[in-house]
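Shown here: coords_17.csv, CSV, N, CA and C atoms.
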chain,number,residue,atom,x,y,z
G,7,MET,N,4.6,22.6,-3.3
G,7,MET,CA,5.1,22.0,-2.1
G,7,MET,C,4.7,22.8,-0.9
G,8,PHE,N,3.8,22.3,0.0
G,8,PHE,CA,3.4,22.9,1.2
G,8,PHE,C,4.4,22.7,2.3
G,9,ARG,N,4.9,23.7,2.9
G,9,ARG,CA,6.1,23.6,3.8
G,9,ARG,C,5.6,23.5,5.3
G,10,LEU,N,4.4,23.3,5.6
G,10,LEU,CA,3.9,23.4,7.0
G,10,LEU,C,4.6,22.3,7.8
G,11,LYS,N,4.7,21.1,7.3
G,11,LYS,CA,5.3,20.0,8.1
G,11,LYS,C,6.8,20.3,8.4
G,12,GLU,N,7.4,20.7,7.4
G,12,GLU,CA,8.9,21.1,7.5
G,12,GLU,C,9.1,22.2,8.5
G,13,MET,N,8.3,23.2,8.5
G,13,MET,CA,8.4,24.3,9.4
G,13,MET,C,8.1,23.9,10.8
G,14,ARG,N,7.1,23.1,11.0
G,14,ARG,CA,6.7,22.6,12.3
G,14,ARG,C,7.8,21.8,12.9
G,15,ALA,N,8.4,20.9,12.1
G,15,ALA,CA,9.5,20.1,12.6
G,15,ALA,C,10.8,21.0,12.9
G,16,GLU,N,11.0,22.0,12.2
G,16,GLU,CA,12.1,22.9,12.5
G,16,GLU,C,12.0,23.5,13.8
G,17,CYS,N,10.8,23.8,14.2
G,17,CYS,CA,10.5,24.4,15.5
G,17,CYS,C,10.4,23.4,16.7
G,18,GLY,N,10.5,22.1,16.3
G,18,GLY,CA,10.4,21.1,17.3
G,18,GLY,C,9.0,21.0,17.9
G,19,LEU,N,8.0,21.3,17.1
G,19,LEU,CA,6.6,21.3,17.6
G,19,LEU,C,5.9,20.0,17.2
G,20,MET,N,5.2,19.5,18.2
G,20,MET,CA,4.3,18.4,17.9
G,20,MET,C,3.0,19.0,17.2
G,21,ARG,N,2.4,18.2,16.4
G,21,ARG,CA,1.2,18.7,15.6
G,21,ARG,C,0.2,19.1,16.6
G,22,SER,N,0.0,18.3,17.7
G,22,SER,CA,-1.0,18.6,18.7
G,22,SER,C,-0.8,20.0,19.4
G,23,LYS,N,0.5,20.4,19.6
G,23,LYS,CA,0.8,21.7,20.2
G,23,LYS,C,0.5,22.8,19.2
G,24,LEU,N,0.8,22.6,17.9
G,24,LEU,CA,0.5,23.6,16.9
G,24,LEU,C,-1.1,23.7,16.8
G,25,ALA,N,-1.8,22.6,16.9
G,25,ALA,CA,-3.2,22.7,16.8
G,25,ALA,C,-3.8,23.4,18.0
G,26,GLU,N,-3.2,23.1,19.2
G,26,GLU,CA,-3.7,23.8,20.4
G,26,GLU,C,-3.4,25.3,20.3
G,27,ASP,N,-2.2,25.7,19.9
G,27,ASP,CA,-1.8,27.1,19.8
G,27,ASP,C,-2.7,27.9,18.8
G,28,LEU,N,-3.1,27.2,17.7
G,28,LEU,CA,-3.9,27.9,16.7
G,28,LEU,C,-5.4,27.6,16.8
G,29,HIS,N,-5.8,26.8,17.9
G,29,HIS,CA,-7.2,26.5,18.1
G,29,HIS,C,-7.8,25.8,16.8
G,30,MET,N,-7.0,24.8,16.4
G,30,MET,CA,-7.4,23.9,15.3
G,30,MET,C,-7.4,22.5,15.7
G,31,ASN,N,-7.9,21.6,14.8
G,31,ASN,CA,-7.9,20.2,15.0
G,31,ASN,C,-6.6,19.6,14.4
G,32,ALA,N,-5.9,18.8,15.2
G,32,ALA,CA,-4.7,18.2,14.8
G,32,ALA,C,-4.8,17.3,13.5
G,33,GLY,N,-6.0,16.6,13.4
G,33,GLY,CA,-6.2,15.8,12.2
G,33,GLY,C,-6.4,16.7,11.0
G,34,THR,N,-6.9,17.9,11.1
G,34,THR,CA,-7.1,18.8,10.0
G,34,THR,C,-5.7,19.3,9.6
G,35,ILE,N,-4.8,19.6,10.6
G,35,ILE,CA,-3.5,20.0,10.2
G,35,ILE,C,-2.7,18.8,9.5
G,36,ALA,N,-2.9,17.6,10.0
G,36,ALA,CA,-2.3,16.4,9.3
G,36,ALA,C,-2.7,16.4,7.9
G,37,ASN,N,-4.0,16.6,7.6
G,37,ASN,CA,-4.5,16.6,6.3
G,37,ASN,C,-3.9,17.6,5.4
G,38,TYR,N,-3.6,18.8,6.0
G,38,TYR,CA,-2.9,19.9,5.2
G,38,TYR,C,-1.5,19.5,5.0
G,39,GLU,N,-0.8,19.0,6.0
G,39,GLU,CA,0.6,18.6,5.9
G,39,GLU,C,0.8,17.6,4.8
G,40,ASN,N,-0.1,16.6,4.8
G,40,ASN,CA,0.1,15.5,3.9
G,40,ASN,C,-0.6,15.8,2.5
G,41,GLU,N,-1.1,17.0,2.4
G,41,GLU,CA,-1.7,17.5,1.1
G,41,GLU,C,-2.9,16.6,0.7
G,42,ILE,N,-3.6,16.1,1.7
G,42,ILE,CA,-4.9,15.4,1.5
G,42,ILE,C,-6.0,16.5,1.2
G,43,ARG,N,-5.9,17.5,2.0
G,43,ARG,CA,-6.8,18.7,1.8
G,43,ARG,C,-6.0,19.9,1.7
G,44,GLN,N,-6.5,20.9,1.0
G,44,GLN,CA,-5.9,22.2,0.9
G,44,GLN,C,-6.4,23.1,2.0
G,45,ALA,N,-5.5,23.8,2.6
G,45,ALA,CA,-5.8,24.8,3.6
G,45,ALA,C,-6.5,26.0,3.0
G,46,PRO,N,-7.6,26.4,3.6
G,46,PRO,CA,-8.3,27.7,3.2
G,46,PRO,C,-7.4,28.9,3.5
G,47,TYR,N,-7.6,30.0,2.8
G,47,TYR,CA,-6.7,31.1,2.9
G,47,TYR,C,-6.6,31.6,4.4
G,48,GLU,N,-7.7,31.5,5.2
G,48,GLU,CA,-7.7,31.9,6.6
G,48,GLU,C,-6.6,31.1,7.3
G,49,ALA,N,-6.6,29.8,7.1
G,49,ALA,CA,-5.6,28.9,7.8
G,49,ALA,C,-4.2,29.2,7.3
G,50,LEU,N,-4.1,29.5,6.0
G,50,LEU,CA,-2.7,29.8,5.4
G,50,LEU,C,-2.2,31.1,6.1
G,51,ILE,N,-3.0,32.1,6.3
G,51,ILE,CA,-2.6,33.3,7.0
G,51,ILE,C,-2.2,33.0,8.4
G,52,ARG,N,-3.0,32.2,9.1
G,52,ARG,CA,-2.7,31.9,10.5
G,52,ARG,C,-1.3,31.2,10.6
G,53,PHE,N,-1.1,30.2,9.7
G,53,PHE,CA,0.2,29.5,9.7
G,53,PHE,C,1.3,30.4,9.4
G,54,ALA,N,1.2,31.2,8.4
G,54,ALA,CA,2.2,32.2,8.0
G,54,ALA,C,2.6,33.1,9.2
G,55,GLU,N,1.5,33.6,9.8
G,55,GLU,CA,1.8,34.5,10.9
G,55,GLU,C,2.4,33.8,12.1
G,56,TYR,N,2.0,32.6,12.4
G,56,TYR,CA,2.6,31.8,13.5
G,56,TYR,C,4.1,31.6,13.3
G,57,PHE,N,4.4,31.2,12.0
G,57,PHE,CA,5.8,30.9,11.8
G,57,PHE,C,6.6,32.1,11.2
G,58,ASP,N,5.9,33.2,11.1
G,58,ASP,CA,6.5,34.5,10.7
G,58,ASP,C,7.2,34.4,9.3
G,59,VAL,N,6.5,33.9,8.4
G,59,VAL,CA,6.9,33.8,7.0
G,59,VAL,C,5.8,34.3,6.1
G,60,SER,N,6.1,34.4,4.8
G,60,SER,CA,5.1,34.8,3.9
G,60,SER,C,4.3,33.6,3.5
G,61,VAL,N,3.1,33.9,3.0
G,61,VAL,CA,2.2,32.8,2.5
G,61,VAL,C,2.9,32.1,1.3
G,62,ASP,N,3.5,32.9,0.5
G,62,ASP,CA,4.2,32.4,-0.7
G,62,ASP,C,5.3,31.4,-0.3
G,63,TYR,N,6.0,31.7,0.8
G,63,TYR,CA,7.1,30.8,1.2
G,63,TYR,C,6.4,29.5,1.7
G,64,LEU,N,5.4,29.7,2.5
G,64,LEU,CA,4.6,28.5,3.1
G,64,LEU,C,4.1,27.6,2.0
G,65,LEU,N,3.7,28.2,0.9
G,65,LEU,CA,3.2,27.4,-0.2
G,65,LEU,C,4.2,26.9,-1.2
G,66,GLY,N,5.5,27.2,-0.9
G,66,GLY,CA,6.6,26.7,-1.7
G,66,GLY,C,6.7,27.5,-3.0
G,67,ARG,N,6.2,28.7,-3.1
G,67,ARG,CA,6.2,29.5,-4.3
G,67,ARG,C,7.5,30.3,-4.4
G,68,THR,N,8.2,30.5,-3.2
G,68,THR,CA,9.5,31.2,-3.3
G,68,THR,C,10.5,30.2,-2.8
G,69,GLU,N,11.7,30.3,-3.3
G,69,GLU,CA,12.8,29.4,-3.0
G,69,GLU,C,13.9,30.1,-2.2
G,70,GLY,N,14.9,29.4,-1.8
G,70,GLY,CA,16.0,30.0,-1.1
G,70,GLY,C,15.8,30.1,0.4
G,71,GLU,N,16.5,31.0,0.9
G,71,GLU,CA,16.4,31.3,2.4
G,71,GLU,C,15.1,31.6,2.8
G,72,ARG,N,14.7,31.1,4.0
G,72,ARG,CA,13.4,31.4,4.5
G,72,ARG,C,13.2,32.9,4.8
G,73,PRO,N,12.3,33.5,4.0
G,73,PRO,CA,12.0,34.9,4.2
G,73,PRO,C,11.2,35.1,5.5
G,74,SER,N,11.6,36.1,6.3
G,74,SER,CA,10.9,36.4,7.5
G,74,SER,C,10.2,37.7,7.2
G,75,VAL,N,9.2,37.9,8.0
G,75,VAL,CA,8.4,39.2,7.9
G,75,VAL,C,9.1,40.2,8.7
G,76,ALA,N,10.3,40.1,9.0
G,76,ALA,CA,11.1,41.1,9.8
G,76,ALA,C,11.3,40.5,11.2
G,77,ASP,N,11.9,39.3,11.3
G,77,ASP,CA,12.0,38.7,12.6
G,77,ASP,C,13.2,39.3,13.4
G,78,GLY,N,14.0,40.1,12.9
G,78,GLY,CA,15.0,40.8,13.7
G,78,GLY,C,16.0,39.8,14.3
G,79,GLY,N,16.2,38.6,13.6
G,79,GLY,CA,17.1,37.6,14.1
G,79,GLY,C,16.5,36.8,15.3
G,80,LEU,N,15.2,36.7,15.4
G,80,LEU,CA,14.6,35.9,16.5
G,80,LEU,C,14.8,34.4,16.2
G,81,SER,N,14.9,33.7,17.3
G,81,SER,CA,14.9,32.2,17.3
G,81,SER,C,13.5,31.7,17.0
G,82,ALA,N,13.3,30.5,16.7
G,82,ALA,CA,12.0,29.9,16.4
G,82,ALA,C,11.2,30.0,17.7
G,83,GLU,N,11.8,29.8,18.9
G,83,GLU,CA,11.1,29.9,20.1
G,83,GLU,C,10.6,31.3,20.4
G,84,GLU,N,11.4,32.3,20.1
G,84,GLU,CA,11.1,33.7,20.3
G,84,GLU,C,9.9,34.1,19.3
G,85,ARG,N,10.0,33.6,18.1
G,85,ARG,CA,8.9,33.9,17.1
G,85,ARG,C,7.6,33.3,17.6
G,86,ARG,N,7.7,32.1,18.1
G,86,ARG,CA,6.5,31.4,18.6
G,86,ARG,C,5.9,32.2,19.8
G,87,PHE,N,6.8,32.6,20.7
G,87,PHE,CA,6.3,33.4,21.8
G,87,PHE,C,5.6,34.7,21.3
G,88,LEU,N,6.3,35.4,20.4
G,88,LEU,CA,5.8,36.6,19.9
G,88,LEU,C,4.4,36.4,19.2
G,89,ASN,N,4.3,35.3,18.4
G,89,ASN,CA,3.0,35.1,17.8
G,89,ASN,C,1.9,34.8,18.8
G,90,LEU,N,2.3,34.0,19.9
G,90,LEU,CA,1.3,33.8,21.0
G,90,LEU,C,0.9,35.1,21.6
G,91,PHE,N,1.9,35.9,21.9
G,91,PHE,CA,1.7,37.2,22.6
G,91,PHE,C,0.7,38.1,21.7
G,92,ARG,N,0.9,38.1,20.4
G,92,ARG,CA,0.1,38.9,19.5
G,92,ARG,C,-1.3,38.4,19.5
G,93,SER,N,-1.6,37.1,19.8
G,93,SER,CA,-2.9,36.6,19.8
G,93,SER,C,-3.7,36.9,21.1
G,94,LEU,N,-3.0,37.5,22.1
G,94,LEU,CA,-3.7,37.8,23.3
G,94,LEU,C,-4.5,39.1,23.2
G,95,GLY,N,-5.4,39.3,24.1
G,95,GLY,CA,-6.1,40.5,24.2
G,95,GLY,C,-5.3,41.5,25.0
G,96,LYS,N,-5.9,42.7,25.2
G,96,LYS,CA,-5.2,43.7,26.0
G,96,LYS,C,-4.8,43.3,27.4
G,97,THR,N,-5.8,42.7,28.1
G,97,THR,CA,-5.5,42.3,29.5
G,97,THR,C,-4.4,41.2,29.5
G,98,GLY,N,-4.5,40.2,28.6
G,98,GLY,CA,-3.5,39.1,28.6
G,98,GLY,C,-2.1,39.7,28.3
G,99,LYS,N,-2.0,40.6,27.3
G,99,LYS,CA,-0.7,41.2,27.0
G,99,LYS,C,-0.2,41.9,28.3
G,100,SER,N,-1.0,42.7,28.9
G,100,SER,CA,-0.6,43.4,30.1
G,100,SER,C,-0.1,42.5,31.2
G,101,ARG,N,-0.8,41.4,31.4
G,101,ARG,CA,-0.3,40.4,32.4
G,101,ARG,C,1.0,39.7,32.1
G,102,VAL,N,1.2,39.4,30.8
G,102,VAL,CA,2.4,38.8,30.4
G,102,VAL,C,3.6,39.8,30.6
G,103,ILE,N,3.4,41.0,30.3
G,103,ILE,CA,4.4,42.0,30.5
G,103,ILE,C,4.7,42.2,32.0
G,104,GLU,N,3.7,42.2,32.8
G,104,GLU,CA,3.9,42.3,34.3
G,104,GLU,C,4.7,41.1,34.8
G,105,TYR,N,4.4,39.9,34.3
G,105,TYR,CA,5.0,38.7,34.7
G,105,TYR,C,6.5,38.7,34.3
G,106,ALA,N,6.8,39.1,33.1
G,106,ALA,CA,8.1,39.2,32.6
G,106,ALA,C,9.0,40.2,33.4
G,107,GLU,N,8.4,41.4,33.6
G,107,GLU,CA,9.1,42.4,34.4
G,107,GLU,C,9.4,41.9,35.8
G,108,PHE,N,8.5,41.1,36.4
G,108,PHE,CA,8.7,40.5,37.7
G,108,PHE,C,9.9,39.6,37.7
G,109,TRP,N,10.1,38.8,36.7
G,109,TRP,CA,11.2,37.9,36.6
G,109,TRP,C,12.5,38.6,36.2
G,110,VAL,N,12.4,39.6,35.4
G,110,VAL,CA,13.6,40.3,35.0
G,110,VAL,C,14.2,41.1,36.2
G,111,ASP,N,13.3,41.5,37.1
G,111,ASP,CA,13.7,42.2,38.3
G,111,ASP,C,14.1,41.2,39.4
G,112,GLY,N,14.3,39.9,39.1
G,112,GLY,CA,14.8,39.0,40.0
G,112,GLY,C,13.7,38.3,40.9
G,113,GLY,N,12.4,38.4,40.5
G,113,GLY,CA,11.3,37.8,41.2
G,113,GLY,C,11.0,38.5,42.5
G,114,LYS,N,11.3,39.8,42.5
G,114,LYS,CA,11.0,40.5,43.8
G,114,LYS,C,9.8,41.4,43.7

Do you think you could lay out the structure here as structure tokens?
Amino acid sequence: MFRLKEMRAECGLMRSKLAEDLHMNAGTIANYENEIRQAPYEALIRFAEYFDVSVDYLLGRTEGERPSVADGGLSAEERRFLNLFRSLGKTGKSRVIEYAEFWVDGGK
């Protein structure tokens, strides 16, 4: 049982947004979700990192509570932001931090 569709729905993500975030085709993701095609290991790793779960959990090989890679109690939105942040280069990360500091300081 491939849990991609279930996890995407839990986060309230449209397939098109997930495809955009991961630089993939939405039709390809639909094929993976509906188990028409099997995702290659590179895609499995990207999905697991994006949703902050193990590949085993994503593939339905582990049961029970959703194991996290150490999410520290983060919400789905926070995990999504963290995964996007991790995909940025050094300059992008620096700009995001500066922007966040600006708003934390009251936009001054």

Between atom C of Gly98 (chain G) and atom C of Arg9 (chain G), what distance in Å does the model show, to one decimal?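 According to the coordinates, atom C of Gly98 (chain G) and atom C of Arg9 (chain G) are separated by 29.2 Å.
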
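CA of Glu41 (chain G) sits 19.9 Å away from CA of Glu55 (chain G).
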
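For the pair atom C of Ala15 (chain G) and atom C of Phe91 (chain G), the separation is 21.7 Å.
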
Calculated over only C-alpha atoms, which of the candidates G:Arg14, G:Ala106, G:Leu94, G:Tyr63 has the smallest distance to Ile51 (chain G)?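 When distances to Ile51 (chain G) are compared using only C-alpha atoms, the smallest one comes from G:Tyr63.
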